[in-house]
Each structure stands twice: as C-alpha cells, then as structure tokens.
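Colleague: File work07.cif follows (mmCIF, C-alpha atoms; chains and numbers go by the auth columns):
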```
data_coords
loop_
_atom_site.group_PDB
_atom_site.id
_atom_site.type_symbol
_atom_site.label_atom_id
_atom_site.label_comp_id
_atom_site.label_asym_id
_atom_site.label_seq_id
_atom_site.Cartn_x
_atom_site.Cartn_y
_atom_site.Cartn_z
_atom_site.B_iso_or_equiv
_atom_site.auth_seq_id
_atom_site.auth_asym_id
ATOM 1 C CA MET A 1 -20.310 -17.297 -14.555 0.00 1 A
ATOM 2 C CA SER A 2 -19.058 -18.916 -11.347 0.00 2 A
ATOM 3 C CA ASP A 3 -15.568 -19.277 -12.860 0.00 3 A
ATOM 4 C CA VAL A 4 -15.487 -15.564 -13.585 0.00 4 A
ATOM 5 C CA ARG A 5 -16.746 -14.725 -10.102 0.00 5 A
ATOM 6 C CA ALA A 6 -14.138 -17.016 -8.516 0.00 6 A
ATOM 7 C CA LYS A 7 -11.397 -15.392 -10.583 0.00 7 A
ATOM 8 C CA LEU A 8 -12.557 -11.913 -9.568 0.00 8 A
ATOM 9 C CA GLN A 9 -12.603 -12.956 -5.918 0.00 9 A
ATOM 10 C CA ARG A 10 -9.052 -14.304 -6.176 0.00 10 A
ATOM 11 C CA MET A 11 -7.985 -11.051 -7.845 0.00 11 A
ATOM 12 C CA ALA A 12 -9.571 -9.009 -5.044 0.00 12 A
ATOM 13 C CA VAL A 13 -7.754 -11.015 -2.375 0.00 13 A
ATOM 14 C CA GLU A 14 -4.493 -10.736 -4.348 0.00 14 A
ATOM 15 C CA SER A 15 -5.002 -6.981 -4.656 0.00 15 A
ATOM 16 C CA THR A 16 -5.549 -6.705 -0.912 0.00 16 A
ATOM 17 C CA ALA A 17 -2.406 -8.772 -0.334 0.00 17 A
ATOM 18 C CA ILE A 18 -0.372 -6.463 -2.559 0.00 18 A
ATOM 19 C CA VAL A 19 -1.638 -3.323 -0.802 0.00 19 A
ATOM 20 C CA LEU A 20 -0.969 -4.773 2.646 0.00 20 A
ATOM 21 C CA THR A 21 2.502 -5.937 1.591 0.00 21 A
ATOM 22 C CA GLU A 22 3.288 -2.436 0.364 0.00 22 A
ATOM 23 C CA ARG A 23 2.159 -1.041 3.709 0.00 23 A
ATOM 24 C CA ILE A 24 4.388 -3.444 5.608 0.00 24 A
ATOM 25 C CA ASP A 25 7.296 -2.427 3.375 0.00 25 A
ATOM 26 C CA ALA A 26 6.511 1.235 4.106 0.00 26 A
ATOM 27 C CA LEU A 27 6.400 0.459 7.826 0.00 27 A
ATOM 28 C CA ALA A 28 9.807 -1.228 7.621 0.00 28 A
ATOM 29 C CA ALA A 29 11.251 1.803 5.818 0.00 29 A
ATOM 30 C CA ALA A 30 9.724 4.185 8.368 0.00 30 A
ATOM 31 C CA LEU A 31 11.112 2.160 11.256 0.00 31 A
ATOM 32 C CA ARG A 32 14.605 2.203 9.707 0.00 32 A
ATOM 33 C CA ALA A 33 14.351 5.943 9.007 0.00 33 A
ATOM 34 C CA ALA A 34 13.268 6.593 12.600 0.00 34 A
ATOM 35 C CA GLY A 35 16.240 4.643 13.953 0.00 35 A
ATOM 36 C CA VAL A 36 14.121 2.025 15.705 0.00 36 A
ATOM 37 C CA SER A 37 16.241 -0.864 16.974 0.00 37 A
ATOM 38 C CA PRO A 38 16.315 -4.012 14.830 0.00 38 A
ATOM 39 C CA GLU A 39 14.853 -6.055 17.692 0.00 39 A
ATOM 40 C CA ARG A 40 11.886 -3.706 18.132 0.00 40 A
ATOM 41 C CA SER A 41 11.427 -3.416 14.354 0.00 41 A
ATOM 42 C CA SER A 42 11.362 -7.198 14.031 0.00 42 A
ATOM 43 C CA SER A 43 8.692 -7.435 16.695 0.00 43 A
ATOM 44 C CA LEU A 44 6.536 -4.748 15.095 0.00 44 A
ATOM 45 C CA LEU A 45 6.928 -6.195 11.606 0.00 45 A
ATOM 46 C CA ALA A 46 6.059 -9.688 12.862 0.00 46 A
ATOM 47 C CA ALA A 47 2.871 -8.317 14.408 0.00 47 A
ATOM 48 C CA ALA A 48 2.066 -6.469 11.175 0.00 48 A
ATOM 49 C CA ALA A 49 2.622 -9.635 9.133 0.00 49 A
ATOM 50 C CA SER A 50 0.351 -11.603 11.447 0.00 50 A
ATOM 51 C CA ALA A 51 -2.350 -8.934 11.218 0.00 51 A
ATOM 52 C CA THR A 52 -1.994 -8.980 7.433 0.00 52 A
ATOM 53 C CA MET A 53 -2.580 -12.724 7.305 0.00 53 A
ATOM 54 C CA HIS A 54 -5.659 -12.367 9.493 0.00 54 A
ATOM 55 C CA ALA A 55 -6.967 -9.558 7.270 0.00 55 A
ATOM 56 C CA LEU A 56 -6.458 -11.650 4.126 0.00 56 A
ATOM 57 C CA THR A 57 -8.169 -14.638 5.712 0.00 57 A
ATOM 58 C CA LEU A 58 -11.137 -12.506 6.729 0.00 58 A
ATOM 59 C CA ASP A 59 -11.286 -10.920 3.285 0.00 59 A
ATOM 60 C CA ALA A 60 -11.313 -14.328 1.611 0.00 60 A
ATOM 61 C CA LEU A 61 -13.974 -15.654 3.991 0.00 61 A
ATOM 62 C CA LEU A 62 -16.202 -12.634 3.424 0.00 62 A
ATOM 63 C CA GLU A 63 -15.905 -13.033 -0.339 0.00 63 A
ATOM 64 C CA GLU A 64 -16.962 -16.682 -0.329 0.00 64 A
ATOM 65 C CA GLU A 65 -20.520 -17.439 -1.325 0.00 65 A
ATOM 66 C CA PRO A 66 -22.405 -20.572 -0.400 0.00 66 A
ATOM 67 C CA LYS A 67 -22.422 -23.175 -3.166 0.00 67 A
ATOM 68 C CA ALA A 68 -25.659 -23.723 -5.069 0.00 68 A
ATOM 69 C CA GLY A 69 -27.946 -26.162 -3.312 0.00 69 A
ATOM 70 C CA SER A 70 -26.303 -25.786 0.067 0.00 70 A
ATOM 71 C CA GLU A 71 -28.007 -24.158 2.992 0.00 71 A
ATOM 72 C CA PRO A 72 -26.175 -21.379 4.775 0.00 72 A
ATOM 73 C CA LYS A 73 -25.019 -22.194 8.276 0.00 73 A
ATOM 74 C CA PRO A 74 -26.624 -20.099 10.992 0.00 74 A
ATOM 75 C CA ALA A 75 -24.307 -17.445 12.330 0.00 75 A
ATOM 76 C CA ALA A 76 -23.338 -17.770 15.975 0.00 76 A
ATOM 77 C CA GLU A 77 -22.884 -14.020 16.169 0.00 77 A
ATOM 78 C CA PRO A 78 -24.202 -11.110 14.107 0.00 78 A
ATOM 79 C CA VAL A 79 -22.289 -10.496 10.896 0.00 79 A
ATOM 80 C CA VAL A 80 -20.195 -7.347 11.023 0.00 80 A
ATOM 81 C CA GLY A 81 -19.340 -5.344 7.909 0.00 81 A
ATOM 82 C CA ARG A 82 -15.808 -4.933 6.640 0.00 82 A
ATOM 83 C CA VAL A 83 -13.429 -2.751 8.533 0.00 83 A
ATOM 84 C CA ALA A 84 -10.961 -0.584 6.651 0.00 84 A
ATOM 85 C CA LEU A 85 -7.391 -1.176 7.776 0.00 85 A
ATOM 86 C CA ALA A 86 -4.881 1.612 8.058 0.00 86 A
ATOM 87 C CA ALA A 87 -1.138 1.341 8.274 0.00 87 A
#
```
Would you mind giving the structure from this file in structure tokens?
Modeller:
Amino acid sequence: MSDVRAKLQRMAVESTAIVLTERIDALAAALRAAGVSPERSSSLLAAAASATMHALTLDALLEEEPKAGSEPKPAAEPVVGRVALAA
C-alpha cells in the first residue's frame, strides 16, 4: 500500500508542476501580448519560476507522511493549511 501511496503523491506533485508550468507559460504569453519589455518580463518570469519551485517544495513536504515506527518531530510553529495559488 505504501508504494501506491508514494506513487499517488508523486503524481499529485507532478500534476501541480504541470499546472504551475502552464500558468507561467500563460504569464509569458500575456507579458508578450501586453508589450512588456524583455528585461521586465525576464524579471517577472524569474520570480514566478522561483515561486513555483517553492510551491512544489511545500506541496511535496505537506504530502510526506512520517515513516512507520518514527515519532513525528514537534512543530516549531502551528501548521497552516494549504493555500491556493493564483496566477
């Protein structure tokens, strides 16, 4: 069962990656269509790519479950639910 769960978790992270990549592509197209300068577009797209990587990292961390027999580490701060991202 853990193999299936791990595969589903990988699929969820991959799905999130695909959606976020599509949103970055849409942002790039919108910036071109709006006539935004290449320098400004590059800066905005770099920030979007960085935010995407952070979102994927958080998604993967939230999907992880403690391994059997291990004790969960105490949280330093309260756990916050997922936040929907919009592009």
Colleague: Mind telling me what the PyMOL selection byres ((chain A and resi 27) around 12) catches here, as a ChimeraX atom specification?
Modeller: /A:20-26,28-34,36,41-42,44-49,86-87
Colleague: Using CA of Val13 (chain A) and CA of Asp59 (chain A) as the two end points, give the distance in Å to one decimal.
Modeller: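 Value for the CA of Val13 (chain A)-CA of Asp59 (chain A) distance: 6.7 Å.
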Colleague: Just to confirm, what's the straight-line distance from CA of Leu56 (chain A) to CA of Met11 (chain A) in Å (one decimal)?
Modeller: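 We find that CA of Leu56 (chain A) and CA of Met11 (chain A) lie 12.1 Å from each other.
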Colleague: Figure out the distance between CA of Arg40 (chain A) and CA of Leu58 (chain A), please, to one decimal in Å.
Modeller: 27.2 Å
